[in-house]
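Trainee: What follows is my_file-v6.pdb, made up of PDB, C-alpha atoms, pLDDT in the B column:
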```pdb
ATOM      1  CA  LYS A  13      45.267  12.399   5.120  1.00 82.00           C
ATOM      2  CA  LEU A  14      42.463  11.452   2.722  1.00 79.00           C
ATOM      3  CA  PHE A  15      44.866  11.221  -0.216  1.00 82.00           C
ATOM      4  CA  GLU A  16      47.222   9.053   1.853  1.00 84.00           C
ATOM      5  CA  LEU A  17      44.281   6.852   2.798  1.00 82.00           C
ATOM      6  CA  SER A  18      43.592   6.034  -0.851  1.00 83.00           C
ATOM      7  CA  CYS A  19      47.028   4.413  -1.179  1.00 87.00           C
ATOM      8  CA  LYS A  20      46.644   2.169   1.858  1.00 86.00           C
ATOM      9  CA  THR A  21      45.105  -1.300   1.954  1.00 87.00           C
ATOM     10  CA  GLY A  22      43.556  -3.629   4.489  1.00 88.00           C
ATOM     11  CA  PHE A  23      43.729  -2.726   8.138  1.00 88.00           C
ATOM     12  CA  GLU A  24      45.942   0.318   7.430  1.00 89.00           C
ATOM     13  CA  LYS A  25      43.036   1.834   5.495  1.00 89.00           C
ATOM     14  CA  ILE A  26      40.639   1.259   8.408  1.00 89.00           C
ATOM     15  CA  GLU A  27      43.194   2.626  10.883  1.00 91.00           C
ATOM     16  CA  GLY A  28      43.689   5.703   8.680  1.00 89.00           C
ATOM     17  CA  LEU A  29      39.942   6.278   8.487  1.00 88.00           C
ATOM     18  CA  LEU A  30      39.631   6.054  12.272  1.00 91.00           C
ATOM     19  CA  LYS A  31      42.477   8.567  12.665  1.00 90.00           C
ATOM     20  CA  ILE A  32      40.713  10.981  10.313  1.00 87.00           C
ATOM     21  CA  MET A  33      37.462  10.584  12.222  1.00 87.00           C
ATOM     22  CA  HIS A  34      39.308  11.234  15.480  1.00 89.00           C
ATOM     23  CA  LEU A  35      40.876  14.415  14.052  1.00 87.00           C
ATOM     24  CA  ILE A  36      37.456  15.623  12.958  1.00 84.00           C
ATOM     25  CA  SER A  37      35.938  14.895  16.368  1.00 84.00           C
ATOM     26  CA  ILE A  38      38.568  16.953  18.257  1.00 86.00           C
ATOM     27  CA  SER A  39      38.840  19.759  15.695  1.00 83.00           C
ATOM     28  CA  GLN A  40      37.661  23.229  16.695  1.00 81.00           C
ATOM     29  CA  GLU A  41      37.031  24.067  13.028  1.00 78.00           C
ATOM     30  CA  LYS A  42      34.270  21.540  12.468  1.00 68.00           C
ATOM     31  CA  SER A  43      30.715  22.526  11.640  1.00 66.00           C
ATOM     32  CA  PHE A  44      27.609  20.406  11.541  1.00 61.00           C
ATOM     33  CA  ILE A  45      25.710  19.723   8.352  1.00 57.00           C
ATOM     34  CA  ILE A  46      22.468  20.469  10.172  1.00 50.00           C
ATOM     35  CA  ASN A  47      22.838  23.442  12.470  1.00 50.00           C
ATOM     36  CA  LYS A  48      19.203  23.401  13.488  1.00 50.00           C
ATOM     37  CA  GLU A  49      18.508  22.166  16.983  1.00 50.00           C
ATOM     38  CA  ILE A  50      15.138  20.725  17.886  1.00 44.00           C
ATOM     39  CA  SER A  51      13.040  23.640  18.973  1.00 45.00           C
ATOM     40  CA  ASP A  52      10.039  23.732  21.257  1.00 45.00           C
ATOM     41  CA  GLN A  53       7.958  24.532  18.188  1.00 46.00           C
ATOM     42  CA  ASP A  54       9.037  21.257  16.498  1.00 49.00           C
ATOM     43  CA  LEU A  55       8.099  19.346  19.652  1.00 48.00           C
ATOM     44  CA  GLN A  56       4.760  21.141  19.710  1.00 49.00           C
ATOM     45  CA  TYR A  57       4.122  20.092  16.089  1.00 55.00           C
ATOM     46  CA  SER A  58       5.044  16.499  16.928  1.00 70.00           C
ATOM     47  CA  ASP A  59       2.557  16.558  19.799  1.00 79.00           C
ATOM     48  CA  LYS A  60      -0.113  17.956  17.487  1.00 87.00           C
ATOM     49  CA  LEU A  61       0.501  15.193  14.970  1.00 89.00           C
ATOM     50  CA  ILE A  62       0.348  12.564  17.719  1.00 90.00           C
ATOM     51  CA  ASP A  63      -2.956  14.038  18.916  1.00 91.00           C
ATOM     52  CA  VAL A  64      -4.366  13.883  15.376  1.00 93.00           C
ATOM     53  CA  ILE A  65      -3.243  10.280  14.838  1.00 93.00           C
ATOM     54  CA  LYS A  66      -4.741   9.228  18.186  1.00 93.00           C
ATOM     55  CA  PHE A  67      -7.982  10.988  17.293  1.00 95.00           C
ATOM     56  CA  ILE A  68      -8.121   9.180  13.946  1.00 94.00           C
ATOM     57  CA  LYS A  69      -7.437   5.768  15.503  1.00 93.00           C
ATOM     58  CA  ASN A  70     -10.060   6.325  18.212  1.00 95.00           C
ATOM     59  CA  ASN A  71     -12.693   7.566  15.772  1.00 95.00           C
ATOM     60  CA  LEU A  72     -12.311   5.389  12.682  1.00 93.00           C
ATOM     61  CA  HIS A  73     -15.890   4.206  13.210  1.00 92.00           C
ATOM     62  CA  SER A  74     -17.327   7.691  12.682  1.00 94.00           C
ATOM     63  CA  GLN A  75     -17.116  10.423  10.110  1.00 93.00           C
ATOM     64  CA  ILE A  76     -13.889  12.405  10.499  1.00 95.00           C
ATOM     65  CA  SER A  77     -13.785  15.771   8.831  1.00 95.00           C
ATOM     66  CA  LEU A  78     -10.844  17.901   7.890  1.00 95.00           C
ATOM     67  CA  LYS A  79     -12.376  20.673   9.978  1.00 96.00           C
ATOM     68  CA  GLN A  80     -12.329  18.445  13.089  1.00 95.00           C
ATOM     69  CA  VAL A  81      -8.671  17.486  12.819  1.00 95.00           C
ATOM     70  CA  ALA A  82      -7.609  21.001  11.865  1.00 95.00           C
ATOM     71  CA  GLY A  83      -9.388  22.138  15.042  1.00 95.00           C
ATOM     72  CA  ILE A  84      -7.328  19.693  17.121  1.00 93.00           C
ATOM     73  CA  THR A  85      -4.140  21.363  15.893  1.00 91.00           C
ATOM     74  CA  CYS A  86      -5.585  24.891  16.094  1.00 92.00           C
ATOM     75  CA  MET A  87      -4.790  25.414  12.407  1.00 93.00           C
ATOM     76  CA  THR A  88      -6.805  26.410   9.400  1.00 95.00           C
ATOM     77  CA  GLU A  89      -7.748  23.523   7.141  1.00 96.00           C
ATOM     78  CA  GLN A  90      -5.258  24.632   4.485  1.00 96.00           C
ATOM     79  CA  SER A  91      -2.411  24.993   7.000  1.00 94.00           C
ATOM     80  CA  PHE A  92      -3.254  21.632   8.520  1.00 94.00           C
ATOM     81  CA  CYS A  93      -3.146  19.937   5.103  1.00 95.00           C
ATOM     82  CA  ARG A  94       0.339  21.360   4.432  1.00 94.00           C
ATOM     83  CA  PHE A  95       1.501  20.458   7.937  1.00 92.00           C
ATOM     84  CA  PHE A  96       0.131  16.901   7.694  1.00 92.00           C
ATOM     85  CA  ARG A  97       1.619  16.264   4.253  1.00 93.00           C
ATOM     86  CA  ASN A  98       5.023  17.594   5.329  1.00 90.00           C
ATOM     87  CA  ARG A  99       5.073  15.334   8.383  1.00 88.00           C
ATOM     88  CA  THR A 100       3.571  12.136   6.966  1.00 88.00           C
ATOM     89  CA  LYS A 101       4.325  12.453   3.225  1.00 91.00           C
ATOM     90  CA  LYS A 102       0.636  11.670   2.615  1.00 92.00           C
ATOM     91  CA  SER A 103      -2.434  13.805   2.274  1.00 95.00           C
ATOM     92  CA  PHE A 104      -4.841  13.666   5.193  1.00 96.00           C
ATOM     93  CA  SER A 105      -7.539  11.975   3.118  1.00 95.00           C
ATOM     94  CA  HIS A 106      -5.122   9.325   1.834  1.00 95.00           C
ATOM     95  CA  TYR A 107      -3.843   8.656   5.352  1.00 95.00           C
ATOM     96  CA  LEU A 108      -7.405   8.320   6.656  1.00 96.00           C
ATOM     97  CA  LEU A 109      -8.291   5.955   3.809  1.00 96.00           C
ATOM     98  CA  ASP A 110      -5.201   3.823   4.528  1.00 95.00           C
ATOM     99  CA  GLN A 111      -6.082   3.618   8.217  1.00 95.00           C
ATOM    100  CA  ARG A 112      -9.676   2.626   7.518  1.00 96.00           C
ATOM    101  CA  ILE A 113      -8.739  -0.045   4.991  1.00 95.00           C
ATOM    102  CA  SER A 114      -6.009  -1.387   7.275  1.00 94.00           C
ATOM    103  CA  TYR A 115      -8.511  -1.606  10.135  1.00 94.00           C
ATOM    104  CA  ALA A 116     -11.001  -3.304   7.818  1.00 94.00           C
ATOM    105  CA  CYS A 117      -8.387  -5.907   6.866  1.00 93.00           C
ATOM    106  CA  THR A 118      -7.718  -6.580  10.538  1.00 93.00           C
ATOM    107  CA  LEU A 119     -11.429  -6.999  11.259  1.00 93.00           C
ATOM    108  CA  LEU A 120     -11.919  -9.247   8.227  1.00 92.00           C
ATOM    109  CA  ILE A 121      -9.098 -11.493   9.429  1.00 90.00           C
ATOM    110  CA  GLN A 122      -9.720 -11.518  13.169  1.00 90.00           C
ATOM    111  CA  THR A 123     -13.508 -11.414  13.481  1.00 90.00           C
ATOM    112  CA  ASP A 124     -16.579 -13.128  12.079  1.00 88.00           C
ATOM    113  CA  LYS A 125     -18.431  -9.842  11.601  1.00 91.00           C
ATOM    114  CA  SER A 126     -20.371  -9.271   8.408  1.00 92.00           C
ATOM    115  CA  ILE A 127     -19.073  -6.977   5.692  1.00 93.00           C
ATOM    116  CA  SER A 128     -21.780  -4.411   6.496  1.00 94.00           C
ATOM    117  CA  GLU A 129     -20.813  -4.406  10.196  1.00 95.00           C
ATOM    118  CA  ILE A 130     -17.151  -3.970   9.285  1.00 94.00           C
ATOM    119  CA  SER A 131     -17.953  -1.142   6.891  1.00 95.00           C
ATOM    120  CA  GLU A 132     -19.772   0.682   9.709  1.00 95.00           C
ATOM    121  CA  LEU A 133     -16.913   0.058  12.154  1.00 94.00           C
ATOM    122  CA  CYS A 134     -14.544   1.593   9.603  1.00 95.00           C
ATOM    123  CA  GLY A 135     -16.616   4.755   9.212  1.00 94.00           C
ATOM    124  CA  TYR A 136     -18.489   3.962   5.999  1.00 94.00           C
ATOM    125  CA  LYS A 137     -22.211   4.673   5.921  1.00 91.00           C
ATOM    126  CA  SER A 138     -22.716   2.544   2.840  1.00 93.00           C
ATOM    127  CA  SER A 139     -21.388  -0.991   2.611  1.00 93.00           C
ATOM    128  CA  SER A 140     -21.432  -0.793  -1.202  1.00 95.00           C
ATOM    129  CA  HIS A 141     -19.192   2.280  -1.082  1.00 96.00           C
ATOM    130  CA  PHE A 142     -16.930   0.473   1.392  1.00 96.00           C
ATOM    131  CA  CYS A 143     -16.685  -2.526  -0.950  1.00 95.00           C
ATOM    132  CA  LYS A 144     -15.792  -0.274  -3.884  1.00 96.00           C
ATOM    133  CA  VAL A 145     -13.088   1.574  -1.924  1.00 96.00           C
ATOM    134  CA  PHE A 146     -11.741  -1.692  -0.488  1.00 95.00           C
ATOM    135  CA  LYS A 147     -11.536  -3.270  -3.944  1.00 95.00           C
ATOM    136  CA  ASP A 148      -9.785  -0.175  -5.341  1.00 95.00           C
ATOM    137  CA  GLN A 149      -7.158  -0.376  -2.584  1.00 94.00           C
ATOM    138  CA  ILE A 150      -6.674  -4.129  -2.104  1.00 93.00           C
ATOM    139  CA  ASN A 151      -7.593  -5.310  -5.642  1.00 93.00           C
ATOM    140  CA  GLN A 152     -10.224  -7.737  -4.390  1.00 94.00           C
ATOM    141  CA  SER A 153     -13.554  -7.491  -2.654  1.00 94.00           C
ATOM    142  CA  PRO A 154     -13.710  -7.682   1.148  1.00 94.00           C
ATOM    143  CA  TYR A 155     -15.460 -11.054   0.866  1.00 92.00           C
ATOM    144  CA  LYS A 156     -12.752 -12.508  -1.411  1.00 93.00           C
ATOM    145  CA  TYR A 157     -10.053 -11.043   0.819  1.00 90.00           C
ATOM    146  CA  GLN A 158     -11.583 -12.656   3.891  1.00 88.00           C
ATOM    147  CA  ARG A 159     -11.944 -16.017   2.136  1.00 86.00           C
ATOM    148  CA  SER A 160      -8.391 -15.963   0.753  1.00 84.00           C
ATOM    149  CA  VAL A 161      -6.965 -15.257   4.225  1.00 79.00           C
ATOM    150  CA  GLN A 162      -9.092 -18.012   5.747  1.00 74.00           C
ATOM    151  CA  ARG A 163      -7.822 -20.464   3.092  1.00 70.00           C
ATOM    152  CA  VAL A 164      -4.196 -19.521   3.805  1.00 68.00           C
ATOM    153  CA  ASN A 165      -4.727 -19.940   7.554  1.00 64.00           C
ATOM    154  CA  ALA A 166      -6.429 -23.307   7.050  1.00 64.00           C
ATOM    155  CA  GLN A 167      -3.413 -24.720   5.208  1.00 62.00           C
TER
END
```
Please go through the file and, once you have read it, give me the structure as structure tokens.

Mentor:
Amino acid sequence: KLFELSCKTGFEKIEGLLKIMHLISISQEKSFIINKEISDQDLQYSDKLIDVIKFIKNNLHSQISLKQVAGITCMTEQSFCRFFRNRTKKSFSHYLLDQRISYACTLLIQTDKSISEISELCGYKSSSHFCKVFKDQINQSPYKYQRSVQRVNAQ
């Protein structure tokens, strides 16, 4: 059927493809590419990841340690790091940094808070360290970022 399909044109090709798909759907000899069904364990891991992400979002203003989040999932720190990277394709520390900088950008745009207040709200004890990390990630200082967004909004 596939070889015959290559000789057809236009609507006949589409009709032939639909016939092949129909034959596959009713065939008793078919097998799935992925034979794995979603297990309770996978759902449990999804719930654990959701719990960790909620914890991070609710606690961005404070210090968040690897030990704390590993405790939420009832895993060792090493197991948690593997689990987190497999699920998010990012390391925990990189994910946390991204969340903090993203939150900082939101605060810089939507509030009139000072840079030092924003650094504290994003979990940084030192505003100079916050400014360095922000500049490394966004390629401009928090102050310049805030001013550039304000200029764009004013136009």

Trainee: To one decimal place, how far is atom CA of Lys156 of chain A from atom CA of Leu120 of chain A in Å?

Mentor: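 Pair atom CA of Lys156 of chain A / atom CA of Leu120 of chain A returns 10.2 Å.
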
Trainee: What separation in Å, quoted to one decimal, exists between atom CA of Asn70 of chain A and atom CA of Ile84 of chain A?

Mentor: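 Taking atom CA of Asn70 of chain A as the start and atom CA of Ile84 of chain A as the end point, the length is 13.7 Å.
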
Trainee: Taking into account only C-alpha atoms, which residue in the set A:Ser103, A:Ser18, A:Gln162, A:Gln149 is nearest to Asp124 of chain A?

Mentor: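 Ranked by minimum distance to Asp124 of chain A, first place goes to A:Gln162.
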
Trainee: Could you check which of A:Val64, A:Asp110, A:Ser139, A:Leu119 is closest to Cys93 of chain A, using only C-alpha atoms?

Mentor: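 With only C-alpha atoms as the atom set, the closest residue is A:Val64.
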
Trainee: Quick one: apply the PyMOL selection byres ((chain A and resi 130) around 10) to the file and drop the selected residues here as an MDAnalysis selection string.

Mentor: chainID A and resid 73 115:120 123:129 131:136 139 142 154

Trainee: Keeping C-alpha atoms, export the residues of the selection given above as a JSON list (two decimals), keeping the file's coordinate frame.

Mentor:
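Final output, saved to selection_34.json:
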```
[["chain", "number", "residue", "atom", "x", "y", "z"],
["A", 73, "HIS", "CA", -15.89, 4.21, 13.21],
["A", 115, "TYR", "CA", -8.51, -1.61, 10.14],
["A", 116, "ALA", "CA", -11.00, -3.30, 7.82],
["A", 117, "CYS", "CA", -8.39, -5.91, 6.87],
["A", 118, "THR", "CA", -7.72, -6.58, 10.54],
["A", 119, "LEU", "CA", -11.43, -7.00, 11.26],
["A", 120, "LEU", "CA", -11.92, -9.25, 8.23],
["A", 123, "THR", "CA", -13.51, -11.41, 13.48],
["A", 124, "ASP", "CA", -16.58, -13.13, 12.08],
["A", 125, "LYS", "CA", -18.43, -9.84, 11.60],
["A", 126, "SER", "CA", -20.37, -9.27, 8.41],
["A", 127, "ILE", "CA", -19.07, -6.98, 5.69],
["A", 128, "SER", "CA", -21.78, -4.41, 6.50],
["A", 129, "GLU", "CA", -20.81, -4.41, 10.20],
["A", 131, "SER", "CA", -17.95, -1.14, 6.89],
["A", 132, "GLU", "CA", -19.77, 0.68, 9.71],
["A", 133, "LEU", "CA", -16.91, 0.06, 12.15],
["A", 134, "CYS", "CA", -14.54, 1.59, 9.60],
["A", 135, "GLY", "CA", -16.62, 4.76, 9.21],
["A", 136, "TYR", "CA", -18.49, 3.96, 6.00],
["A", 139, "SER", "CA", -21.39, -0.99, 2.61],
["A", 142, "PHE", "CA", -16.93, 0.47, 1.39],
["A", 154, "PRO", "CA", -13.71, -7.68, 1.15]]
```

Trainee: Starting from the shown file, work through the PyMOL selection byres ((chain A and resi 96-101) around 10) and note down what comes out as a list in words.

Mentor: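 Matching residues under the PyMOL selection byres ((chain A and resi 96-101) around 10) are Tyr57, Ser58, Lys60, Leu61, Val64, Ala82, Gln90, Ser91, Phe92, Cys93, Arg94, Phe95, Lys102, Ser103, Phe104, His106 and Tyr107 of chain A.
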
Trainee: To one decimal place, how far is atom CA of Asn151 of chain A from atom CA of Arg112 of chain A in Å?

Mentor: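 Going from atom CA of Asn151 of chain A over to atom CA of Arg112 of chain A covers 15.5 Å.
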
Trainee: List the residues selected by the PyMOL selection byres ((chain A and resi 29-38) around 12) in the file shown, writing them as a list in words.

Mentor: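 Evaluating the PyMOL selection byres ((chain A and resi 29-38) around 12) on these coordinates yields Lys13, Leu14, Phe15, Glu16, Leu17, Ser18, Lys20, Thr21, Gly22, Phe23, Glu24, Lys25, Ile26, Glu27, Gly28, Ser39, Gln40, Glu41, Lys42, Ser43 and Phe44 of chain A.
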
Trainee: Which residue out of A:Gln122, A:Ser138, A:Thr85, A:Gln152 has the minimum interatomic distance to Ile65 of chain A when all atoms listed in the file are used?

Mentor: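 Ranking A:Gln122, A:Ser138, A:Thr85, A:Gln152 by distance to Ile65 of chain A, first place goes to A:Thr85.
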
Trainee: If you take every atom of segment 104-117 of chain A that the file lists and fit an axis-aligned box around them with 6 Å extra on each side, what centre and edge lengths come out in Å to one decimal, as AutoDock Vina command-line options?

Mentor:
```
--center_x -7.4 --center_y 3.9 --center_z 6.0 --size_x 19.2 --size_y 31.6 --size_z 20.3
```

Trainee: With distances taken over all atoms listed in the file, which of A:Ser160, A:Ser153, A:Thr88, A:Ser140 is nearest to Ile121 of chain A?

Mentor: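 Between A:Ser160, A:Ser153, A:Thr88, A:Ser140, the residue approaching Ile121 of chain A most closely is A:Ser160.
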
Trainee: Nearest to Leu72 of chain A among A:Asp59, A:Gln111, A:Lys147, A:Ser105, with distances taken over all atoms listed in the file: which residue is it?

Mentor: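 Under the stated criterion, the closest residue is A:Gln111.
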
Trainee: With all heavy atoms as the goal, would you fill in the gaps in segment 142-153 of chain A and present it as a PDB file, in the frame of the given file?

Mentor:
```
ATOM      1  N   PHE A 142     -18.061   1.119   0.728  1.00 96.00           N
ATOM      2  CA  PHE A 142     -16.930   0.473   1.392  1.00 96.00           C
ATOM      3  C   PHE A 142     -16.327  -0.608   0.496  1.00 96.00           C
ATOM      4  O   PHE A 142     -15.113  -0.685   0.329  1.00 96.00           O
ATOM      5  CB  PHE A 142     -17.374  -0.127   2.729  1.00 96.00           C
ATOM      6  CG  PHE A 142     -16.388  -1.107   3.306  1.00 96.00           C
ATOM      7  CD1 PHE A 142     -15.183  -0.674   3.843  1.00 96.00           C
ATOM      8  CD2 PHE A 142     -16.663  -2.468   3.307  1.00 96.00           C
ATOM      9  CE1 PHE A 142     -14.268  -1.579   4.370  1.00 96.00           C
ATOM     10  CE2 PHE A 142     -15.760  -3.384   3.830  1.00 96.00           C
ATOM     11  CZ  PHE A 142     -14.561  -2.927   4.367  1.00 96.00           C
ATOM     12  N   CYS A 143     -17.184  -1.447  -0.083  1.00 95.00           N
ATOM     13  CA  CYS A 143     -16.685  -2.526  -0.950  1.00 95.00           C
ATOM     14  C   CYS A 143     -15.945  -1.979  -2.152  1.00 95.00           C
ATOM     15  O   CYS A 143     -14.909  -2.510  -2.558  1.00 95.00           O
ATOM     16  CB  CYS A 143     -17.844  -3.417  -1.402  1.00 95.00           C
ATOM     17  SG  CYS A 143     -18.535  -4.414  -0.065  1.00 95.00           S
ATOM     18  N   LYS A 144     -16.454  -0.890  -2.731  1.00 96.00           N
ATOM     19  CA  LYS A 144     -15.792  -0.274  -3.884  1.00 96.00           C
ATOM     20  C   LYS A 144     -14.421   0.268  -3.497  1.00 96.00           C
ATOM     21  O   LYS A 144     -13.412   0.019  -4.165  1.00 96.00           O
ATOM     22  CB  LYS A 144     -16.654   0.843  -4.467  1.00 96.00           C
ATOM     23  CG  LYS A 144     -16.031   1.516  -5.680  1.00 96.00           C
ATOM     24  CD  LYS A 144     -16.800   2.757  -6.072  1.00 96.00           C
ATOM     25  CE  LYS A 144     -16.196   3.464  -7.263  1.00 96.00           C
ATOM     26  NZ  LYS A 144     -14.769   3.584  -7.308  1.00 96.00           N
ATOM     27  N   VAL A 145     -14.359   1.004  -2.389  1.00 96.00           N
ATOM     28  CA  VAL A 145     -13.088   1.574  -1.924  1.00 96.00           C
ATOM     29  C   VAL A 145     -12.108   0.461  -1.569  1.00 96.00           C
ATOM     30  O   VAL A 145     -10.928   0.516  -1.928  1.00 96.00           O
ATOM     31  CB  VAL A 145     -13.325   2.507  -0.708  1.00 96.00           C
ATOM     32  CG1 VAL A 145     -12.016   2.932  -0.077  1.00 96.00           C
ATOM     33  CG2 VAL A 145     -14.129   3.729  -1.133  1.00 96.00           C
ATOM     34  N   PHE A 146     -12.589  -0.565  -0.885  1.00 95.00           N
ATOM     35  CA  PHE A 146     -11.741  -1.692  -0.488  1.00 95.00           C
ATOM     36  C   PHE A 146     -11.158  -2.365  -1.727  1.00 95.00           C
ATOM     37  O   PHE A 146      -9.951  -2.632  -1.793  1.00 95.00           O
ATOM     38  CB  PHE A 146     -12.554  -2.702   0.332  1.00 95.00           C
ATOM     39  CG  PHE A 146     -11.716  -3.771   0.969  1.00 95.00           C
ATOM     40  CD1 PHE A 146     -11.252  -3.604   2.269  1.00 95.00           C
ATOM     41  CD2 PHE A 146     -11.379  -4.932   0.287  1.00 95.00           C
ATOM     42  CE1 PHE A 146     -10.467  -4.582   2.876  1.00 95.00           C
ATOM     43  CE2 PHE A 146     -10.604  -5.917   0.875  1.00 95.00           C
ATOM     44  CZ  PHE A 146     -10.139  -5.737   2.180  1.00 95.00           C
ATOM     45  N   LYS A 147     -11.998  -2.608  -2.716  1.00 95.00           N
ATOM     46  CA  LYS A 147     -11.536  -3.270  -3.944  1.00 95.00           C
ATOM     47  C   LYS A 147     -10.522  -2.399  -4.681  1.00 95.00           C
ATOM     48  O   LYS A 147      -9.539  -2.907  -5.223  1.00 95.00           O
ATOM     49  CB  LYS A 147     -12.713  -3.604  -4.847  1.00 95.00           C
ATOM     50  CG  LYS A 147     -12.320  -4.478  -6.019  1.00 95.00           C
ATOM     51  CD  LYS A 147     -13.520  -4.995  -6.759  1.00 95.00           C
ATOM     52  CE  LYS A 147     -13.061  -5.960  -7.841  1.00 95.00           C
ATOM     53  NZ  LYS A 147     -14.173  -6.580  -8.524  1.00 95.00           N
ATOM     54  N   ASP A 148     -10.745  -1.093  -4.698  1.00 95.00           N
ATOM     55  CA  ASP A 148      -9.785  -0.175  -5.341  1.00 95.00           C
ATOM     56  C   ASP A 148      -8.421  -0.235  -4.661  1.00 95.00           C
ATOM     57  O   ASP A 148      -7.388  -0.142  -5.310  1.00 95.00           O
ATOM     58  CB  ASP A 148     -10.300   1.271  -5.310  1.00 95.00           C
ATOM     59  CG  ASP A 148     -11.468   1.501  -6.258  1.00 95.00           C
ATOM     60  OD1 ASP A 148     -11.710   0.647  -7.141  1.00 95.00           O
ATOM     61  OD2 ASP A 148     -12.154   2.537  -6.101  1.00 95.00           O
ATOM     62  N   GLN A 149      -8.408  -0.386  -3.340  1.00 94.00           N
ATOM     63  CA  GLN A 149      -7.158  -0.376  -2.584  1.00 94.00           C
ATOM     64  C   GLN A 149      -6.475  -1.737  -2.528  1.00 94.00           C
ATOM     65  O   GLN A 149      -5.257  -1.831  -2.615  1.00 94.00           O
ATOM     66  CB  GLN A 149      -7.412   0.113  -1.149  1.00 94.00           C
ATOM     67  CG  GLN A 149      -7.883   1.547  -1.049  1.00 94.00           C
ATOM     68  CD  GLN A 149      -6.858   2.509  -1.583  1.00 94.00           C
ATOM     69  OE1 GLN A 149      -5.706   2.477  -1.184  1.00 94.00           O
ATOM     70  NE2 GLN A 149      -7.264   3.355  -2.513  1.00 94.00           N
ATOM     71  N   ILE A 150      -7.230  -2.792  -2.348  1.00 93.00           N
ATOM     72  CA  ILE A 150      -6.674  -4.129  -2.104  1.00 93.00           C
ATOM     73  C   ILE A 150      -6.726  -5.013  -3.361  1.00 93.00           C
ATOM     74  O   ILE A 150      -6.120  -6.069  -3.411  1.00 93.00           O
ATOM     75  CB  ILE A 150      -7.416  -4.812  -0.925  1.00 93.00           C
ATOM     76  CG1 ILE A 150      -7.398  -3.915   0.317  1.00 93.00           C
ATOM     77  CG2 ILE A 150      -6.836  -6.176  -0.580  1.00 93.00           C
ATOM     78  CD1 ILE A 150      -6.020  -3.640   0.879  1.00 93.00           C
ATOM     79  N   ASN A 151      -7.450  -4.581  -4.373  1.00 93.00           N
ATOM     80  CA  ASN A 151      -7.593  -5.310  -5.642  1.00 93.00           C
ATOM     81  C   ASN A 151      -8.433  -6.576  -5.536  1.00 93.00           C
ATOM     82  O   ASN A 151      -8.318  -7.470  -6.365  1.00 93.00           O
ATOM     83  CB  ASN A 151      -6.232  -5.634  -6.276  1.00 93.00           C
ATOM     84  CG  ASN A 151      -5.489  -4.383  -6.688  1.00 93.00           C
ATOM     85  OD1 ASN A 151      -6.101  -3.414  -7.140  1.00 93.00           O
ATOM     86  ND2 ASN A 151      -4.192  -4.399  -6.513  1.00 93.00           N
ATOM     87  N   GLN A 152      -9.212  -6.678  -4.491  1.00 94.00           N
ATOM     88  CA  GLN A 152     -10.224  -7.737  -4.390  1.00 94.00           C
ATOM     89  C   GLN A 152     -11.302  -7.282  -3.414  1.00 94.00           C
ATOM     90  O   GLN A 152     -11.071  -6.408  -2.585  1.00 94.00           O
ATOM     91  CB  GLN A 152      -9.612  -9.072  -3.987  1.00 94.00           C
ATOM     92  CG  GLN A 152      -8.807  -9.098  -2.728  1.00 94.00           C
ATOM     93  CD  GLN A 152      -8.173 -10.467  -2.492  1.00 94.00           C
ATOM     94  OE1 GLN A 152      -8.711 -11.489  -2.875  1.00 94.00           O
ATOM     95  NE2 GLN A 152      -7.029 -10.475  -1.854  1.00 94.00           N
ATOM     96  N   SER A 153     -12.446  -7.885  -3.524  1.00 94.00           N
ATOM     97  CA  SER A 153     -13.554  -7.491  -2.654  1.00 94.00           C
ATOM     98  C   SER A 153     -13.249  -7.914  -1.219  1.00 94.00           C
ATOM     99  O   SER A 153     -12.434  -8.815  -0.993  1.00 94.00           O
ATOM    100  CB  SER A 153     -14.842  -8.158  -3.127  1.00 94.00           C
ATOM    101  OG  SER A 153     -14.798  -9.548  -2.849  1.00 94.00           O
TER     102      SER A 153
END
```
